[in-house]
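As provided, structure_36.txt (compact mmCIF, C-alpha atoms) reads as follows.
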# COMPACT_ATOMS: atom_id res chain seq x y z
CA MET A 30 99.26 -148.40 80.57
CA VAL A 31 95.51 -148.99 80.58
CA GLN A 32 94.80 -146.22 78.10
CA ASP A 33 96.77 -147.87 75.32
CA ASP A 34 95.72 -151.45 76.05
CA ILE A 35 94.15 -152.64 72.81
CA LEU A 36 91.06 -154.21 74.38
CA TYR A 37 90.40 -151.24 76.69
CA ALA A 38 90.96 -148.77 73.85
CA LEU A 39 88.60 -150.55 71.46
CA VAL A 40 85.83 -151.06 74.02
CA MET A 41 86.05 -147.46 75.23
CA PHE A 42 86.06 -146.14 71.67
CA CYS A 43 82.99 -148.18 70.66
CA VAL A 44 80.98 -147.24 73.76
CA VAL A 45 81.79 -143.55 73.38
CA ALA A 46 81.12 -143.69 69.63
CA TYR A 47 77.58 -144.86 70.37
CA ILE A 48 77.03 -142.08 72.94
CA PHE A 49 78.34 -139.58 70.39
CA TYR A 50 75.89 -140.99 67.82
CA VAL A 51 73.00 -140.35 70.24
CA TRP A 52 74.35 -136.85 70.91
CA LEU A 53 74.43 -136.15 67.17
CA ASN A 54 70.80 -137.24 66.87
CA ASP A 55 69.93 -134.76 69.61
CA LEU A 56 71.81 -132.09 67.66
CA ARG A 57 69.91 -132.94 64.46
CA PHE A 58 66.62 -132.69 66.35
CA PHE A 59 67.53 -129.19 67.59
CA ILE A 60 68.53 -128.05 64.11
CA LYS A 61 65.28 -129.37 62.62
CA ASN A 62 62.92 -128.13 65.35
CA SER A 63 64.79 -125.09 66.74
CA LYS A 64 64.46 -126.50 70.24
CA PRO A 65 66.09 -129.30 72.23
CA ARG A 66 64.64 -132.77 72.40
CA LYS A 67 63.23 -133.70 75.83
CA GLY A 68 66.01 -135.37 77.79
CA ALA A 69 68.64 -134.44 75.20
CA PHE A 70 72.31 -134.55 76.06
CA ALA A 71 73.90 -131.29 77.20
CA GLY A 72 75.28 -129.02 74.52
CA ALA A 73 73.62 -130.84 71.61
CA THR A 74 73.06 -127.51 69.88
CA PRO A 75 74.38 -125.87 66.69
CA VAL A 76 77.28 -123.45 66.33
CA SER A 77 78.98 -121.83 63.36
CA LEU A 78 81.78 -123.62 61.52
CA LYS A 79 83.93 -120.50 61.91
CA TYR A 80 83.68 -120.73 65.70
CA VAL A 81 84.62 -124.42 65.63
CA ILE A 82 87.68 -123.69 63.48
CA LEU A 83 88.76 -120.84 65.77
CA SER A 84 88.33 -123.19 68.75
CA CYS A 85 90.66 -125.74 67.16
CA LEU A 86 93.22 -123.04 66.43
CA ALA A 87 93.03 -121.89 70.05
CA ALA A 88 93.71 -125.45 71.19
CA LEU A 89 96.73 -125.69 68.88
CA ALA A 90 98.05 -122.37 70.20
CA LEU A 91 97.74 -123.62 73.78
CA LEU A 92 99.46 -126.88 72.87
CA ALA A 93 102.32 -124.96 71.24
CA THR A 94 102.66 -122.92 74.43
CA HIS A 95 102.81 -126.08 76.52
CA ILE A 96 105.42 -127.69 74.26
CA TRP A 97 107.49 -124.51 74.42
CA GLY A 98 107.13 -124.49 78.20
CA GLU A 99 108.39 -128.06 78.50
CA GLU A 100 111.35 -127.27 76.28
CA SER A 101 112.15 -124.12 78.28
CA LEU A 102 112.06 -126.03 81.56
CA GLY A 103 114.12 -128.87 80.14
CA ILE A 104 111.49 -131.50 80.98
CA SER A 105 110.37 -132.54 77.49
CA GLY A 106 112.46 -135.69 77.76
CA GLN A 107 110.53 -136.83 80.84
CA GLN A 108 107.36 -137.70 78.96
CA THR A 109 105.66 -141.04 79.45
CA ARG A 110 105.72 -143.54 76.61
CA VAL A 111 102.40 -144.75 75.24
CA GLY A 112 101.34 -147.30 72.66
CA GLY A 113 99.66 -146.49 69.39
CA PHE A 114 96.24 -147.58 70.61
CA ALA A 115 96.28 -144.68 73.08
CA LEU A 116 95.05 -142.58 70.15
CA LEU A 117 91.71 -144.40 70.28
CA SER A 118 91.40 -143.78 74.02
CA TRP A 119 92.36 -140.12 73.64
CA THR A 120 89.85 -139.67 70.81
CA ALA A 121 87.06 -141.13 72.94
CA ALA A 122 88.16 -139.08 75.95
CA ALA A 123 87.87 -135.85 73.96
CA PHE A 124 84.12 -136.41 73.68
CA ILE A 125 83.19 -138.07 76.96
CA GLU A 126 85.26 -135.73 79.13
CA GLU A 127 83.71 -132.68 77.48
CA LEU A 128 80.22 -134.10 77.81
CA ILE A 129 80.73 -134.73 81.54
CA PHE A 130 82.75 -131.70 82.60
CA ARG A 131 81.78 -128.90 80.23
CA GLY A 132 78.29 -130.36 79.78
CA TYR A 133 77.22 -131.16 83.33
CA PHE A 134 79.96 -130.24 85.82
CA VAL A 135 79.24 -126.52 85.76
CA ILE A 136 76.68 -124.21 87.37
CA GLN A 137 74.69 -122.51 84.61
CA ASN A 138 71.88 -119.97 84.57
CA LYS A 139 72.65 -118.77 88.11
CA GLY A 140 74.70 -115.74 87.15
CA LEU A 141 78.28 -115.06 86.12
CA LEU A 142 79.99 -115.62 89.47
CA PRO A 143 78.66 -119.19 90.04
CA LEU A 144 79.55 -120.01 86.44
CA VAL A 145 83.14 -118.77 86.81
CA LEU A 146 83.69 -120.33 90.24
CA SER A 147 82.29 -123.69 89.15
CA ALA A 148 84.45 -123.66 86.00
CA LEU A 149 87.53 -122.95 88.13
CA GLY A 150 86.64 -125.58 90.72
CA PHE A 151 85.81 -128.32 88.26
CA SER A 152 88.94 -127.46 86.25
CA VAL A 153 90.98 -128.27 89.37
CA VAL A 154 89.11 -131.58 89.65
CA PHE A 155 89.63 -132.25 85.94
CA ALA A 156 93.37 -131.60 86.19
CA LEU A 157 93.84 -133.71 89.33
CA ALA A 158 91.87 -136.56 87.77
CA HIS A 159 94.69 -137.01 85.27
CA PRO A 160 97.41 -139.26 86.71
CA PHE A 161 100.45 -137.01 86.64
CA ILE A 162 101.18 -136.30 90.29
CA TRP A 163 99.69 -139.64 91.34
CA ASP A 164 99.63 -143.21 90.08
CA TYR A 165 97.77 -146.38 91.01
CA SER A 166 99.64 -149.47 89.90
CA ILE A 167 98.11 -152.95 89.99
CA PRO A 168 100.75 -155.71 90.29
CA GLU A 169 100.75 -158.48 87.72
CA GLY A 170 98.17 -161.08 88.66
CA GLY A 171 96.62 -158.81 91.27
CA GLY A 172 93.09 -157.47 91.54
CA ILE A 173 91.83 -153.91 91.38
CA PHE A 174 92.10 -153.55 95.16
CA ASP A 175 95.68 -154.84 95.25
CA GLY A 176 97.13 -151.73 93.68
CA VAL A 177 99.64 -149.38 95.18
CA TRP A 178 99.31 -145.59 95.28
CA SER A 179 102.34 -143.46 94.56
CA PHE A 180 102.79 -139.71 94.34
CA GLU A 181 105.40 -137.53 92.64
CA LEU A 182 105.71 -133.77 92.88
CA SER A 183 108.23 -132.64 90.30
CA ALA A 184 108.54 -129.91 87.70
CA LYS A 185 107.22 -132.28 85.05
CA THR A 186 104.20 -133.60 86.95
CA LEU A 187 103.21 -130.16 88.22
CA PHE A 188 103.63 -128.59 84.77
CA SER A 189 101.53 -131.34 83.14
CA THR A 190 98.79 -130.99 85.75
CA PHE A 191 98.69 -127.21 85.33
CA SER A 192 98.59 -127.64 81.54
CA ILE A 193 95.46 -129.77 81.86
CA PHE A 194 93.97 -127.12 84.15
CA GLU A 195 94.57 -124.50 81.45
CA CYS A 196 93.00 -126.77 78.83
CA SER A 197 89.92 -127.14 80.99
CA LEU A 198 89.58 -123.38 81.36
CA LEU A 199 89.86 -122.95 77.60
CA PHE A 200 87.16 -125.54 76.96
CA TYR A 201 84.81 -123.92 79.48
CA LEU A 202 85.48 -120.56 77.86
CA LEU A 203 84.68 -121.94 74.41
CA ARG A 204 81.32 -123.16 75.58
CA PHE A 205 80.20 -120.05 77.41
CA LEU A 206 81.50 -117.20 75.29
CA PRO A 207 78.65 -115.06 73.88
CA GLN A 208 79.64 -116.08 70.34
CA ASN A 209 78.51 -119.62 71.19
CA ARG A 210 74.87 -118.56 71.31
CA TYR A 211 73.36 -121.96 72.16
CA ARG A 212 76.26 -123.09 74.36
CA SER A 213 77.10 -125.92 72.03
CA LEU A 214 79.63 -128.51 73.14
CA LEU A 215 80.80 -129.06 69.57
CA PRO A 216 83.63 -126.46 69.78
CA CYS A 217 84.77 -128.07 73.03
CA PHE A 218 84.81 -131.55 71.49
CA CYS A 219 86.75 -130.38 68.46
CA ALA A 220 89.24 -128.30 70.46
CA HIS A 221 89.86 -131.15 72.91
CA LEU A 222 90.28 -133.61 70.05
CA THR A 223 92.69 -131.25 68.29
CA TYR A 224 94.74 -130.92 71.47
CA ASN A 225 94.84 -134.67 72.10
CA TRP A 226 95.80 -135.48 68.53
CA GLY A 227 98.43 -132.76 68.70
CA VAL A 228 99.92 -134.30 71.84
CA PHE A 229 100.00 -137.68 70.12
CA ALA A 230 101.69 -136.19 67.04
CA ALA A 231 104.27 -134.44 69.25
CA LYS A 232 104.99 -137.66 71.13
CA LEU A 233 105.32 -139.52 67.84
CA ALA A 234 107.78 -136.94 66.51
CA GLN A 235 109.80 -137.10 69.73
CA GLY A 236 109.92 -140.90 69.82
CA PHE A 237 107.57 -141.49 72.77
CA ILE A 238 105.11 -143.71 70.90
CA GLN A 239 106.10 -147.34 71.30

Whole structure, structure tokens version:
Amino acid sequence: MVQDDILYALVMFCVVAYIFYVWLNDLRFFIKNSKPRKGAFAGATPVSLKYVILSCLAALALLATHIWGEESLGISGQQTRVGGFALLSWTAAAFIEELIFRGYFVIQNKGLLPLVLSALGFSVVFALAHPFIWDYSIPEGGGIFDGVWSFELSAKTLFSTFSIFECSLLFYLLRFLPQNRYRSLLPCFCAHLTYNWGVFAAKLAQGFIQ
């Protein structure tokens, strides 16, 4: 899989690490000046450590629910196998996906209804963007346009897609709850990272890391 290809994982991690470094500088500017830097990244604002910790715990609780759901449906053995370098890709994805979706793909400051509807709509997009019910396979030696689309609607693919939808809703909630006064993305990053690392740990324990 592309996500655990060593070259792809390293390049993605390094690029995202630099973007995260710039985001952190924007956060430091806000903390020092009590206002955002002009042109700063979305959500580069402070939040309490307590809120970040609670966000991570919420992500772990959701992950536990999803693992229990897979076990209850008898589909836990249908997981895809990934290589160890997928952890780098998943770490990078926790930041860049939050920056894009929770940072920019949402209608803010237009009232509660547009906020809720946009969070729901973009959560559907976020879930469908993950290749569970679909796949695009490029044959060996072929180019990017030589791939073949395939689709699978099963209990496992539908459950996984819905799980990602629920994750997205949680991350939107973490950003826009009143307790997150400045709508910081930091709780979203940390919760997403916690969830991704938890999935990796669960796969490792179940023998799905190759």

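Here CA of Phe130 in chain A stands at a distance of 16.4 Å from CA of Ser192 in chain A.
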
* CA of Trp163 in chain A to CA of Thr109 in chain A, distance in Å rounded to a single decimal -> 13.4 Å

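Shell of Phe42 in chain A at 7 Å, with all atoms listed in the file counted and residues fewer than 3 places along the chain excluded, is Ala38, Leu39, Val45, Ala46, Leu117, Ser118 and Ala121 of chain A.
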
* To do: Could you pull out every residue with an atom within 10 Å of (75.2, -129.5, 75.7), file coordinates, counting only C-alpha atoms, and send them as a PyMOL selection string?
  => chain A and resi 52+55-56+65+69-75+127-129+131-133+204+211-215

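The smallest atom-to-atom distance between Ile162 in chain A and any of A:Ala123, A:Val76, A:Leu198, A:Ala184, using only C-alpha atoms, is found for A:Ala184.
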
* Distance CA of Leu86 in chain A-CA of Ser105 in chain A, one decimal place? ->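 Between these atoms lies a distance of 22.5 Å.
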
Can you pull out every residue within 12 Å of Leu91 in chain A, counting only C-alpha atoms, but drop anything in the same chain fewer than 2 positions away, and send it as a PDB file with C-alpha atoms, in the frame of the given file?
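Written output follows (out.pdb):
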ATOM      1  CA  SER A  84      88.330-123.190  68.750  1.00  0.00           C
ATOM      2  CA  CYS A  85      90.660-125.740  67.160  1.00  0.00           C
ATOM      3  CA  LEU A  86      93.220-123.040  66.430  1.00  0.00           C
ATOM      4  CA  ALA A  87      93.030-121.890  70.050  1.00  0.00           C
ATOM      5  CA  ALA A  88      93.710-125.450  71.190  1.00  0.00           C
ATOM      6  CA  LEU A  89      96.730-125.690  68.880  1.00  0.00           C
ATOM      7  CA  ALA A  93     102.320-124.960  71.240  1.00  0.00           C
ATOM      8  CA  THR A  94     102.660-122.920  74.430  1.00  0.00           C
ATOM      9  CA  HIS A  95     102.810-126.080  76.520  1.00  0.00           C
ATOM     10  CA  ILE A  96     105.420-127.690  74.260  1.00  0.00           C
ATOM     11  CA  TRP A  97     107.490-124.510  74.420  1.00  0.00           C
ATOM     12  CA  GLY A  98     107.130-124.490  78.200  1.00  0.00           C
ATOM     13  CA  SER A 192      98.590-127.640  81.540  1.00  0.00           C
ATOM     14  CA  ILE A 193      95.460-129.770  81.860  1.00  0.00           C
ATOM     15  CA  PHE A 194      93.970-127.120  84.150  1.00  0.00           C
ATOM     16  CA  GLU A 195      94.570-124.500  81.450  1.00  0.00           C
ATOM     17  CA  CYS A 196      93.000-126.770  78.830  1.00  0.00           C
ATOM     18  CA  SER A 197      89.920-127.140  80.990  1.00  0.00           C
ATOM     19  CA  LEU A 198      89.580-123.380  81.360  1.00  0.00           C
ATOM     20  CA  LEU A 199      89.860-122.950  77.600  1.00  0.00           C
ATOM     21  CA  PHE A 200      87.160-125.540  76.960  1.00  0.00           C
ATOM     22  CA  ALA A 220      89.240-128.300  70.460  1.00  0.00           C
ATOM     23  CA  HIS A 221      89.860-131.150  72.910  1.00  0.00           C
ATOM     24  CA  THR A 223      92.690-131.250  68.290  1.00  0.00           C
ATOM     25  CA  TYR A 224      94.740-130.920  71.470  1.00  0.00           C
ATOM     26  CA  ASN A 225      94.840-134.670  72.100  1.00  0.00           C
ATOM     27  CA  GLY A 227      98.430-132.760  68.700  1.00  0.00           C
ATOM     28  CA  VAL A 228      99.920-134.300  71.840  1.00  0.00           C
TER      29      VAL A 228
END
